>>> print(open('data33.cif').read())   # mmCIF, C-alpha atoms
data_start
loop_
_atom_site.label_atom_id
_atom_site.label_comp_id
_atom_site.auth_asym_id
_atom_site.auth_seq_id
_atom_site.Cartn_x
_atom_site.Cartn_y
_atom_site.Cartn_z
CA PRO A 1 0.00 0.00 0.00
CA ASN A 2 1.05 3.59 -0.58
CA HIS A 3 1.72 6.02 2.25
CA ASP A 4 1.98 9.79 2.43
CA ARG A 5 4.83 9.64 4.92
CA THR A 6 8.23 9.73 3.28
CA HIS A 7 11.84 9.91 4.33
CA LYS A 8 12.79 13.45 5.39
CA LYS A 9 15.80 13.54 3.07
CA GLY A 10 13.95 12.53 -0.07
CA SER A 11 10.73 11.50 -1.71
CA SER A 12 11.23 7.71 -1.48
CA GLN A 13 9.59 5.63 1.20
CA HIS A 14 11.56 5.17 4.39
CA PRO A 15 13.00 1.61 4.55
CA ASN A 16 11.64 1.14 8.07
CA ILE A 17 8.10 1.90 6.86
CA ILE A 18 8.44 -0.63 4.03
CA LEU A 19 9.77 -3.32 6.39
CA ARG A 20 7.03 -2.59 8.92
CA ASP A 21 4.32 -2.88 6.29
CA MET A 22 5.79 -6.11 4.93
CA GLY A 23 5.81 -7.55 8.44
CA ILE A 24 2.22 -6.53 9.22
CA ILE A 25 0.90 -8.02 5.98
CA HIS A 26 3.26 -10.89 5.26
CA ILE A 27 4.17 -12.52 8.57
CA PRO A 28 0.58 -13.29 9.72
CA ARG A 29 -0.08 -14.95 6.36
CA VAL A 30 3.05 -17.08 6.78
CA ILE A 31 1.98 -18.10 10.29
CA ALA A 32 -1.51 -18.98 9.05
CA SER A 33 -0.04 -21.12 6.24
CA CYS A 34 2.21 -22.99 8.68
CA ALA A 35 -0.70 -23.55 11.06
CA ARG A 36 -2.85 -24.99 8.26
CA GLY A 37 -0.05 -27.30 7.19
CA TYR A 38 0.60 -28.46 10.75
CA TYR A 39 -3.10 -29.11 11.29
CA ARG A 40 -3.40 -31.02 8.01
CA ARG A 41 -0.30 -33.09 8.84
CA HIS A 42 -1.62 -34.23 12.18
CA GLY A 43 -5.17 -34.51 10.93
CA ILE A 44 -4.21 -36.74 8.01
CA ILE A 45 -1.28 -38.84 9.19
CA GLY A 46 -1.57 -38.44 12.97
CA SER A 47 1.41 -38.63 15.28
CA SER A 48 2.39 -42.21 14.51
CA THR A 49 4.78 -41.31 11.67
CA SER A 50 6.96 -38.95 13.69
CA THR A 51 8.89 -39.38 16.91
CA LYS A 52 9.87 -37.05 19.69
CA ASP A 53 13.46 -36.97 18.49
CA LYS A 54 13.05 -36.68 14.75
CA PRO A 55 10.15 -35.77 12.42
CA SER A 56 9.57 -38.05 9.46
CA LEU A 57 9.36 -36.53 5.98
CA SER A 58 6.47 -37.87 3.96
CA GLY A 59 3.63 -37.12 1.61
CA ALA A 60 2.71 -33.70 0.30
CA GLY A 61 5.13 -32.16 -2.15
CA LEU A 62 7.55 -35.08 -1.86
CA SER A 63 5.90 -38.28 -3.07
CA GLU A 64 2.78 -36.51 -4.37
CA PRO A 65 1.75 -32.93 -5.25
CA HIS A 66 0.62 -30.65 -2.45
CA THR A 67 -2.51 -28.57 -3.06
CA TYR A 68 -2.78 -25.13 -1.45
CA LYS A 69 -6.14 -23.36 -1.60
CA SER A 70 -6.41 -19.58 -1.53
CA ARG A 71 -8.37 -16.59 -2.79
CA VAL A 72 -7.38 -13.35 -4.47
CA GLY A 73 -7.10 -10.99 -1.50
CA ILE A 74 -7.06 -7.23 -1.13
CA PHE A 75 -3.25 -7.30 -0.82
CA ASP A 76 -2.93 -9.34 -4.05
CA ILE A 77 -5.10 -7.39 -6.48
CA ASP A 78 -4.03 -4.50 -8.70
CA GLY A 79 -5.74 -1.68 -10.56
CA PHE A 80 -6.75 -4.00 -13.40
CA GLY A 81 -8.94 -6.08 -11.07
CA HIS A 82 -6.85 -9.23 -11.10
CA MET A 83 -3.95 -10.66 -9.10
CA ASN A 84 -0.79 -8.60 -9.50
CA HIS A 85 2.25 -10.37 -10.93
CA SER A 86 4.23 -9.97 -7.70
CA ALA A 87 1.48 -11.68 -5.69
CA TYR A 88 2.12 -14.97 -7.50
CA LEU A 89 5.53 -15.23 -5.82
CA ALA A 90 4.04 -14.44 -2.40
CA GLN A 91 1.20 -16.94 -2.84
CA ALA A 92 3.68 -19.62 -3.92
CA GLU A 93 5.71 -18.88 -0.78
CA PHE A 94 2.62 -19.37 1.39
CA ALA A 95 2.01 -22.66 -0.44
CA ARG A 96 5.57 -23.79 0.39
CA TRP A 97 5.15 -22.86 4.06
CA GLU A 98 1.96 -24.94 4.26
CA MET A 99 3.58 -27.80 2.33
CA SER A 100 6.69 -27.81 4.54
CA ALA A 101 4.61 -27.86 7.72
CA MET A 102 2.44 -30.63 6.30
CA ASN A 103 5.21 -32.94 5.11
CA GLY A 104 7.44 -32.41 8.16
CA SER A 105 10.32 -30.56 6.49
CA LEU A 106 9.62 -27.35 8.44
CA GLU A 107 9.98 -29.18 11.72
CA ALA A 108 13.09 -30.92 10.38
CA ASN A 109 14.57 -27.54 9.41
CA ILE A 110 13.90 -26.11 12.86
CA ARG A 111 15.34 -29.13 14.68
CA SER A 112 18.48 -29.24 12.54
CA LYS A 113 18.84 -25.43 12.45
CA THR A 114 18.80 -25.56 8.66
CA ALA A 115 17.36 -22.72 6.58
CA PHE A 116 15.51 -23.08 3.28
CA VAL A 117 16.90 -20.31 1.02
CA VAL A 118 15.42 -19.44 -2.37
CA THR A 119 18.27 -18.77 -4.84
CA GLY A 120 16.35 -18.37 -8.08
CA ALA A 121 12.90 -18.26 -9.64
CA ALA A 122 11.32 -18.41 -13.09
CA VAL A 123 7.65 -17.60 -13.60
CA ARG A 124 5.33 -17.81 -16.61
CA TYR A 125 1.98 -16.01 -16.53
CA ARG A 126 -0.51 -17.78 -18.79
CA ARG A 127 -3.93 -16.47 -17.78
CA GLU A 128 -5.07 -13.84 -15.28
CA ILE A 129 -6.40 -14.83 -11.85
CA GLY A 130 -9.33 -12.76 -10.63
CA PRO A 131 -11.45 -10.94 -9.73
CA LEU A 132 -11.18 -10.15 -6.02
CA PHE A 133 -11.95 -13.12 -3.74
CA ARG A 134 -11.80 -15.60 -6.65
CA GLN A 135 -10.66 -18.99 -5.37
CA PHE A 136 -7.64 -20.72 -6.90
CA GLU A 137 -5.25 -23.54 -6.08
CA ILE A 138 -1.50 -24.00 -6.22
CA GLN A 139 -0.16 -27.49 -6.80
CA SER A 140 3.44 -27.87 -5.65
CA ILE A 141 5.99 -30.66 -5.81
CA ILE A 142 9.72 -30.95 -5.27
CA GLY A 143 10.61 -32.00 -8.79
CA SER A 144 14.35 -32.60 -8.62
CA ALA A 145 17.49 -32.25 -6.52
CA ASP A 146 21.26 -32.51 -6.90
CA GLU A 147 24.25 -32.23 -4.60
CA ARG A 148 23.56 -28.53 -3.97
CA ASN A 149 20.06 -27.46 -5.06
CA LEU A 150 16.49 -28.59 -5.07
CA TRP A 151 13.72 -27.37 -7.37
CA ILE A 152 10.04 -26.87 -6.57
CA TYR A 153 7.49 -26.65 -9.34
CA HIS A 154 4.25 -24.70 -8.73
CA THR A 155 1.19 -24.61 -10.98
CA PHE A 156 -1.71 -22.20 -10.40
CA ARG A 157 -5.21 -23.40 -11.32
CA TYR A 158 -8.85 -22.73 -10.61
CA PRO A 159 -10.47 -25.55 -8.57
CA GLY A 160 -12.16 -28.41 -10.38
CA GLU A 161 -11.24 -31.37 -12.52
CA GLU A 162 -11.74 -31.85 -16.24
CA ASN A 163 -13.11 -28.45 -17.14
CA ARG A 164 -11.71 -25.54 -19.11
CA GLU A 165 -11.06 -23.44 -16.01
CA SER A 166 -8.87 -26.13 -14.42
CA LYS A 167 -6.12 -25.53 -16.99
CA ILE A 168 -2.81 -24.08 -15.82
CA LEU A 169 -2.99 -20.34 -15.15
CA ALA A 170 0.64 -19.77 -14.20
CA GLN A 171 3.81 -21.78 -13.67
CA LEU A 172 6.63 -21.09 -11.24
CA LEU A 173 9.92 -22.92 -10.85
CA ILE A 174 11.86 -22.23 -7.66
CA GLN A 175 15.51 -23.09 -7.08
CA ALA A 176 16.50 -23.37 -3.42
CA ALA A 177 19.31 -24.48 -1.15
CA LEU A 178 19.44 -25.81 2.40
CA VAL A 179 21.88 -23.74 4.46
CA LYS A 180 23.35 -24.45 7.90
CA ASN A 181 26.03 -22.30 9.53
CA ARG A 182 26.32 -20.40 6.23
CA LYS A 183 27.21 -23.62 4.39
CA VAL A 184 25.07 -25.47 1.85
CA VAL A 185 23.75 -28.84 3.02
CA GLU A 186 23.36 -31.56 0.40
CA PRO A 187 19.59 -32.20 0.01
CA ARG A 188 20.05 -35.99 -0.17
CA LEU A 189 21.77 -36.09 3.22
CA PHE A 190 19.05 -33.94 4.77
CA MET A 191 16.27 -36.09 3.31
CA GLU A 192 17.89 -39.36 4.33
CA GLU A 193 18.61 -38.12 7.86
CA PHE A 194 14.94 -37.32 8.40
CA GLY A 195 13.63 -40.56 6.97
CA LEU A 196 12.32 -39.70 3.52
CA ASP A 197 11.42 -42.82 1.57
CA PRO A 198 14.57 -43.99 -0.33
CA ASP A 199 12.61 -44.43 -3.58
CA THR A 200 11.51 -40.79 -3.43
CA VAL A 201 15.07 -39.64 -2.73
CA ASP A 202 16.32 -41.64 -5.73
CA ARG A 203 13.56 -40.22 -7.94
CA LEU A 204 14.51 -36.66 -7.08
CA HIS A 205 18.16 -37.34 -7.93
CA ASP A 206 17.48 -39.30 -11.13
CA SER A 207 18.50 -37.04 -14.00
CA ASN A 208 16.61 -39.23 -16.48
CA ASN A 209 13.32 -39.10 -14.60
CA GLU A 210 10.32 -37.04 -15.74
CA GLY A 211 11.45 -35.59 -19.06
CA HIS A 212 9.34 -32.43 -18.79
CA MET A 213 10.94 -31.51 -15.48
CA GLN A 214 14.43 -32.00 -16.88
CA LYS A 215 13.64 -29.77 -19.86
CA LYS A 216 12.53 -27.04 -17.44
CA LEU A 217 15.65 -27.47 -15.32
CA SER A 218 18.09 -27.39 -18.23
CA THR A 219 16.51 -24.19 -19.54
CA PHE A 220 16.42 -22.66 -16.05
CA GLN A 221 20.08 -23.52 -15.43
CA GLU A 222 21.09 -22.09 -18.80
CA LEU A 223 19.31 -18.84 -17.93
CA GLU A 224 20.94 -18.79 -14.49
CA ARG A 225 24.41 -19.21 -16.01
CA ALA A 226 23.73 -16.32 -18.37
CA MET A 227 22.51 -14.14 -15.49
CA ARG A 228 25.53 -15.00 -13.34
CA ALA A 229 27.91 -14.22 -16.20
CA SER A 230 26.17 -10.88 -16.76
CA ALA A 231 26.41 -10.03 -13.06
CA ALA A 232 30.10 -11.02 -12.98
CA ASP A 233 30.82 -8.74 -15.96
CA ASP A 234 29.05 -5.88 -14.19
CA ASP A 235 31.11 -6.55 -11.03
CA LYS A 236 34.28 -6.25 -13.11
CA ARG A 237 33.05 -2.97 -14.60
CA ILE A 238 32.30 -1.50 -11.16
CA ASN A 239 35.60 -2.76 -9.71
CA GLY A 240 37.41 -1.14 -12.64
CA LEU A 241 35.71 2.18 -11.96
CA LEU A 242 36.62 1.95 -8.27
CA ASP A 243 40.23 1.15 -9.11
CA GLU A 244 40.39 4.15 -11.47
CA LYS A 245 38.93 6.36 -8.76
CA LYS A 246 41.54 5.18 -6.25
CA SER A 247 44.45 5.59 -8.64
CA GLY A 248 43.19 9.05 -9.70
#
>>> encode(input="data33.cif", output="structure tokens")
Amino acid sequence: PNHDRTHKKGSSQHPNIILRDMGIIHIPRVIASCARGYYRRHGIIGSSTSTKDKPSLSGAGLSEPHTYKSRVGIFDIDGFGHMNHSAYLAQAEFARWEMSAMNGSLEANIRSKTAFVVTGAAVRYRREIGPLFRQFEIQSIIGSADERNLWIYHTFRYPGEENRESKILAQLLIQAALVKNRKVVEPRLFMEEFGLDPDTVDRLHDSNNEGHMQKKLSTFQELERAMRASAADDDKRINGLLDEKKSG
């Protein structure tokens, strides 16, 4: 939302105001998503699949797609009456919070003091989602993993099977890493430690599995390499300017 209050030294919004607003809007939605996932986990699989010492990873988003239900809210919509492009990323994040609480990975992260860090994203907008309060779903699954990264694939749809409106509305591919003590943790080791089914672990690390996913990943990785090279060239340019300034 826009505010009249601005930083005294300029016309841009004060960073503290932006952070405050993000916290007021975003954090309660994250908490609500985690609570829903936790409730669904214990409502569906009970407490028999986890122990006091170690949660067990299973189900939603791992061996099968996780479905997150939501509506276009007042913080998602834009002046055109449909969900703003930036809201897709936020809604996908809420879906991941619910999924992680539901499949046990959130609890595993907390217990092992491991952070889930998003390192890249690619999104394709296919059809608009709206108007205000229109219900939609996000189907999410961890599609692949290697020694450093894991990839989560989100598809946005309207509810319902076998009708025109159930077609994909948007697609989002997230690249993420597991980080502990500022070091990347290999996803396989994390999954095996917390008891994920070995067949699922092997599927995620099988480079020949699910051809469509591999096509997405190869294209995503090619784009990432191009972006990294561009950023590195810009770093060199800036470093050169700094060196000239020092020598001058």
>>> closest_residue(input="data33.cif", among="A:Met213, A:Leu241, A:Val185, A:Leu173", to="A:Thr114", atoms="all atoms listed in the file")
A:Val185
>>> resolve_selection(input="data33.cif", expression="the PyMOL selection byres ((chain A and resi 37) around 6)", output="PyMOL selection string")
chain A and resi 34-36+38-40+98+101-102
>>> resolve_selection(input="data33.cif", expression="the PyMOL selection byres ((chain A and resi 127) around 9)", output="list in words")
Tyr125, Arg126, Glu128, Ile129, Ile168, Leu169 and Ala170 of chain A
>>> write_last_selection(input="data33.cif", atoms="C-alpha atoms", output="short mmCIF file (atom, residue, chain, number, x, y, z; two decimals), in the frame of the given file")
data_model
loop_
_atom_site.label_atom_id
_atom_site.label_comp_id
_atom_site.auth_asym_id
_atom_site.auth_seq_id
_atom_site.Cartn_x
_atom_site.Cartn_y
_atom_site.Cartn_z
CA TYR A 125 1.98 -16.01 -16.53
CA ARG A 126 -0.51 -17.78 -18.79
CA GLU A 128 -5.07 -13.84 -15.28
CA ILE A 129 -6.40 -14.83 -11.85
CA ILE A 168 -2.81 -24.08 -15.82
CA LEU A 169 -2.99 -20.34 -15.15
CA ALA A 170 0.64 -19.77 -14.20
#
>>> closest_residue(input="data33.cif", among="A:Tyr68, A:Phe80, A:Phe194, A:Phe220", to="A:Leu106", atoms="only C-alpha atoms")
A:Phe194
>>> closest_residue(input="data33.cif", among="A:Gly61, A:Pro28, A:Pro131, A:Gly43", to="A:Gly79", atoms="all atoms listed in the file")
A:Pro131
>>> closest_residue(input="data33.cif", among="A:Ser247, A:Gln214, A:Asn84, A:Asn239", to="A:Gly143", atoms="only C-alpha atoms")
A:Gln214
>>> residues_around(input="data33.cif", residues="stretch 151-155 of chain A", least_positions_apart="5", cutoff="8 Å", atoms="all atoms listed in the file", output="list in words")
Ala92, Ile138, Gln139, Ser140, Ile141, Ile142, Gly143, Ser144, Ala145, Ile168, Leu169, Ala170, Gln171, Leu172, Leu173, Ile174, Gln175 and Ala176 of chain A
>>> decode(input="data33.cif", residues="stretch 78-127 of chain A", atoms="N, CA and C atoms", output="compact mmCIF listing (two decimals), in the first residue's frame")
# COMPACT_ATOMS: atom_id res chain seq x y z
N ASP A 78 -4.56 -5.77 -8.20
CA ASP A 78 -4.03 -4.50 -8.70
C ASP A 78 -5.14 -3.68 -9.35
N GLY A 79 -4.76 -2.59 -9.99
CA GLY A 79 -5.74 -1.68 -10.56
C GLY A 79 -6.51 -2.25 -11.74
N PHE A 80 -6.05 -3.37 -12.28
CA PHE A 80 -6.75 -4.00 -13.40
C PHE A 80 -7.79 -5.02 -12.93
N GLY A 81 -7.91 -5.19 -11.61
CA GLY A 81 -8.94 -6.08 -11.07
C GLY A 81 -8.56 -7.55 -11.01
N HIS A 82 -7.28 -7.84 -11.24
CA HIS A 82 -6.85 -9.23 -11.10
C HIS A 82 -5.57 -9.29 -10.26
N MET A 83 -5.10 -10.50 -9.97
CA MET A 83 -3.95 -10.66 -9.10
C MET A 83 -2.70 -10.08 -9.74
N ASN A 84 -2.00 -9.24 -9.01
CA ASN A 84 -0.79 -8.60 -9.50
C ASN A 84 0.31 -9.64 -9.68
N HIS A 85 1.21 -9.39 -10.63
CA HIS A 85 2.25 -10.37 -10.93
C HIS A 85 3.12 -10.70 -9.73
N SER A 86 3.38 -9.72 -8.86
CA SER A 86 4.23 -9.97 -7.70
C SER A 86 3.55 -10.87 -6.67
N ALA A 87 2.22 -10.87 -6.67
CA ALA A 87 1.48 -11.68 -5.69
C ALA A 87 1.62 -13.17 -5.95
N TYR A 88 1.94 -13.55 -7.19
CA TYR A 88 2.12 -14.97 -7.50
C TYR A 88 3.29 -15.55 -6.70
N LEU A 89 4.36 -14.77 -6.59
CA LEU A 89 5.53 -15.23 -5.82
C LEU A 89 5.19 -15.37 -4.34
N ALA A 90 4.43 -14.39 -3.81
CA ALA A 90 4.04 -14.44 -2.40
C ALA A 90 3.12 -15.63 -2.14
N GLN A 91 2.13 -15.82 -3.02
CA GLN A 91 1.20 -16.94 -2.84
C GLN A 91 1.93 -18.28 -2.93
N ALA A 92 2.90 -18.39 -3.83
CA ALA A 92 3.68 -19.62 -3.92
C ALA A 92 4.50 -19.84 -2.65
N GLU A 93 4.99 -18.75 -2.06
CA GLU A 93 5.71 -18.88 -0.78
C GLU A 93 4.79 -19.42 0.31
N PHE A 94 3.57 -18.88 0.39
CA PHE A 94 2.62 -19.37 1.39
C PHE A 94 2.33 -20.86 1.16
N ALA A 95 2.24 -21.25 -0.11
CA ALA A 95 2.01 -22.66 -0.44
C ALA A 95 3.17 -23.52 0.06
N ARG A 96 4.40 -23.02 -0.08
CA ARG A 96 5.57 -23.79 0.39
C ARG A 96 5.60 -23.89 1.91
N TRP A 97 5.20 -22.79 2.60
CA TRP A 97 5.15 -22.86 4.06
C TRP A 97 4.15 -23.93 4.50
N GLU A 98 2.95 -23.93 3.89
CA GLU A 98 1.96 -24.94 4.26
C GLU A 98 2.47 -26.34 3.92
N MET A 99 3.06 -26.50 2.76
CA MET A 99 3.58 -27.80 2.33
C MET A 99 4.66 -28.29 3.28
N SER A 100 5.59 -27.40 3.67
CA SER A 100 6.69 -27.81 4.54
C SER A 100 6.21 -28.20 5.93
N ALA A 101 5.18 -27.49 6.42
CA ALA A 101 4.61 -27.86 7.72
C ALA A 101 3.86 -29.18 7.62
N MET A 102 3.24 -29.42 6.48
CA MET A 102 2.44 -30.63 6.30
C MET A 102 3.30 -31.87 6.10
N ASN A 103 4.41 -31.74 5.35
CA ASN A 103 5.21 -32.94 5.11
C ASN A 103 6.33 -33.16 6.13
N GLY A 104 6.46 -32.23 7.09
CA GLY A 104 7.44 -32.41 8.16
C GLY A 104 8.77 -31.73 7.94
N SER A 105 9.01 -31.16 6.75
CA SER A 105 10.32 -30.56 6.49
C SER A 105 10.54 -29.27 7.28
N LEU A 106 9.47 -28.55 7.62
CA LEU A 106 9.62 -27.35 8.44
C LEU A 106 10.14 -27.72 9.82
N GLU A 107 9.52 -28.72 10.40
CA GLU A 107 9.98 -29.18 11.72
C GLU A 107 11.41 -29.70 11.65
N ALA A 108 11.73 -30.41 10.56
CA ALA A 108 13.09 -30.92 10.38
C ALA A 108 14.08 -29.76 10.26
N ASN A 109 13.71 -28.71 9.54
CA ASN A 109 14.57 -27.54 9.41
C ASN A 109 14.84 -26.89 10.76
N ILE A 110 13.77 -26.75 11.55
CA ILE A 110 13.90 -26.11 12.86
C ILE A 110 14.80 -26.95 13.77
N ARG A 111 14.57 -28.25 13.79
CA ARG A 111 15.34 -29.13 14.68
C ARG A 111 16.82 -29.18 14.29
N SER A 112 17.09 -29.14 12.99
CA SER A 112 18.48 -29.24 12.54
C SER A 112 19.13 -27.88 12.35
N LYS A 113 18.35 -26.80 12.62
CA LYS A 113 18.84 -25.43 12.45
C LYS A 113 19.31 -25.19 11.01
N THR A 114 18.51 -25.70 10.08
CA THR A 114 18.80 -25.56 8.66
C THR A 114 17.78 -24.62 8.03
N ALA A 115 18.25 -23.69 7.22
CA ALA A 115 17.36 -22.72 6.58
C ALA A 115 17.12 -23.09 5.12
N PHE A 116 15.89 -22.89 4.68
CA PHE A 116 15.51 -23.08 3.28
C PHE A 116 15.65 -21.71 2.60
N VAL A 117 16.58 -21.60 1.64
CA VAL A 117 16.90 -20.31 1.02
C VAL A 117 16.60 -20.38 -0.47
N VAL A 118 15.72 -19.52 -0.94
CA VAL A 118 15.42 -19.44 -2.37
C VAL A 118 16.57 -18.72 -3.07
N THR A 119 17.12 -19.35 -4.12
CA THR A 119 18.27 -18.77 -4.84
C THR A 119 17.93 -18.39 -6.28
N GLY A 120 16.74 -18.74 -6.73
CA GLY A 120 16.35 -18.37 -8.08
C GLY A 120 14.90 -18.69 -8.34
N ALA A 121 14.31 -18.02 -9.32
CA ALA A 121 12.90 -18.26 -9.64
C ALA A 121 12.65 -17.91 -11.10
N ALA A 122 11.78 -18.70 -11.73
CA ALA A 122 11.32 -18.41 -13.09
C ALA A 122 9.81 -18.57 -13.10
N VAL A 123 9.11 -17.57 -13.63
CA VAL A 123 7.65 -17.60 -13.60
C VAL A 123 7.10 -17.33 -15.00
N ARG A 124 6.02 -18.02 -15.34
CA ARG A 124 5.33 -17.81 -16.61
C ARG A 124 3.87 -17.55 -16.31
N TYR A 125 3.39 -16.38 -16.73
CA TYR A 125 1.98 -16.01 -16.53
C TYR A 125 1.21 -16.40 -17.80
N ARG A 126 0.23 -17.27 -17.63
CA ARG A 126 -0.51 -17.78 -18.79
C ARG A 126 -1.89 -17.15 -18.92
N ARG A 127 -2.61 -17.09 -17.80
CA ARG A 127 -3.93 -16.47 -17.78
C ARG A 127 -4.08 -15.69 -16.48
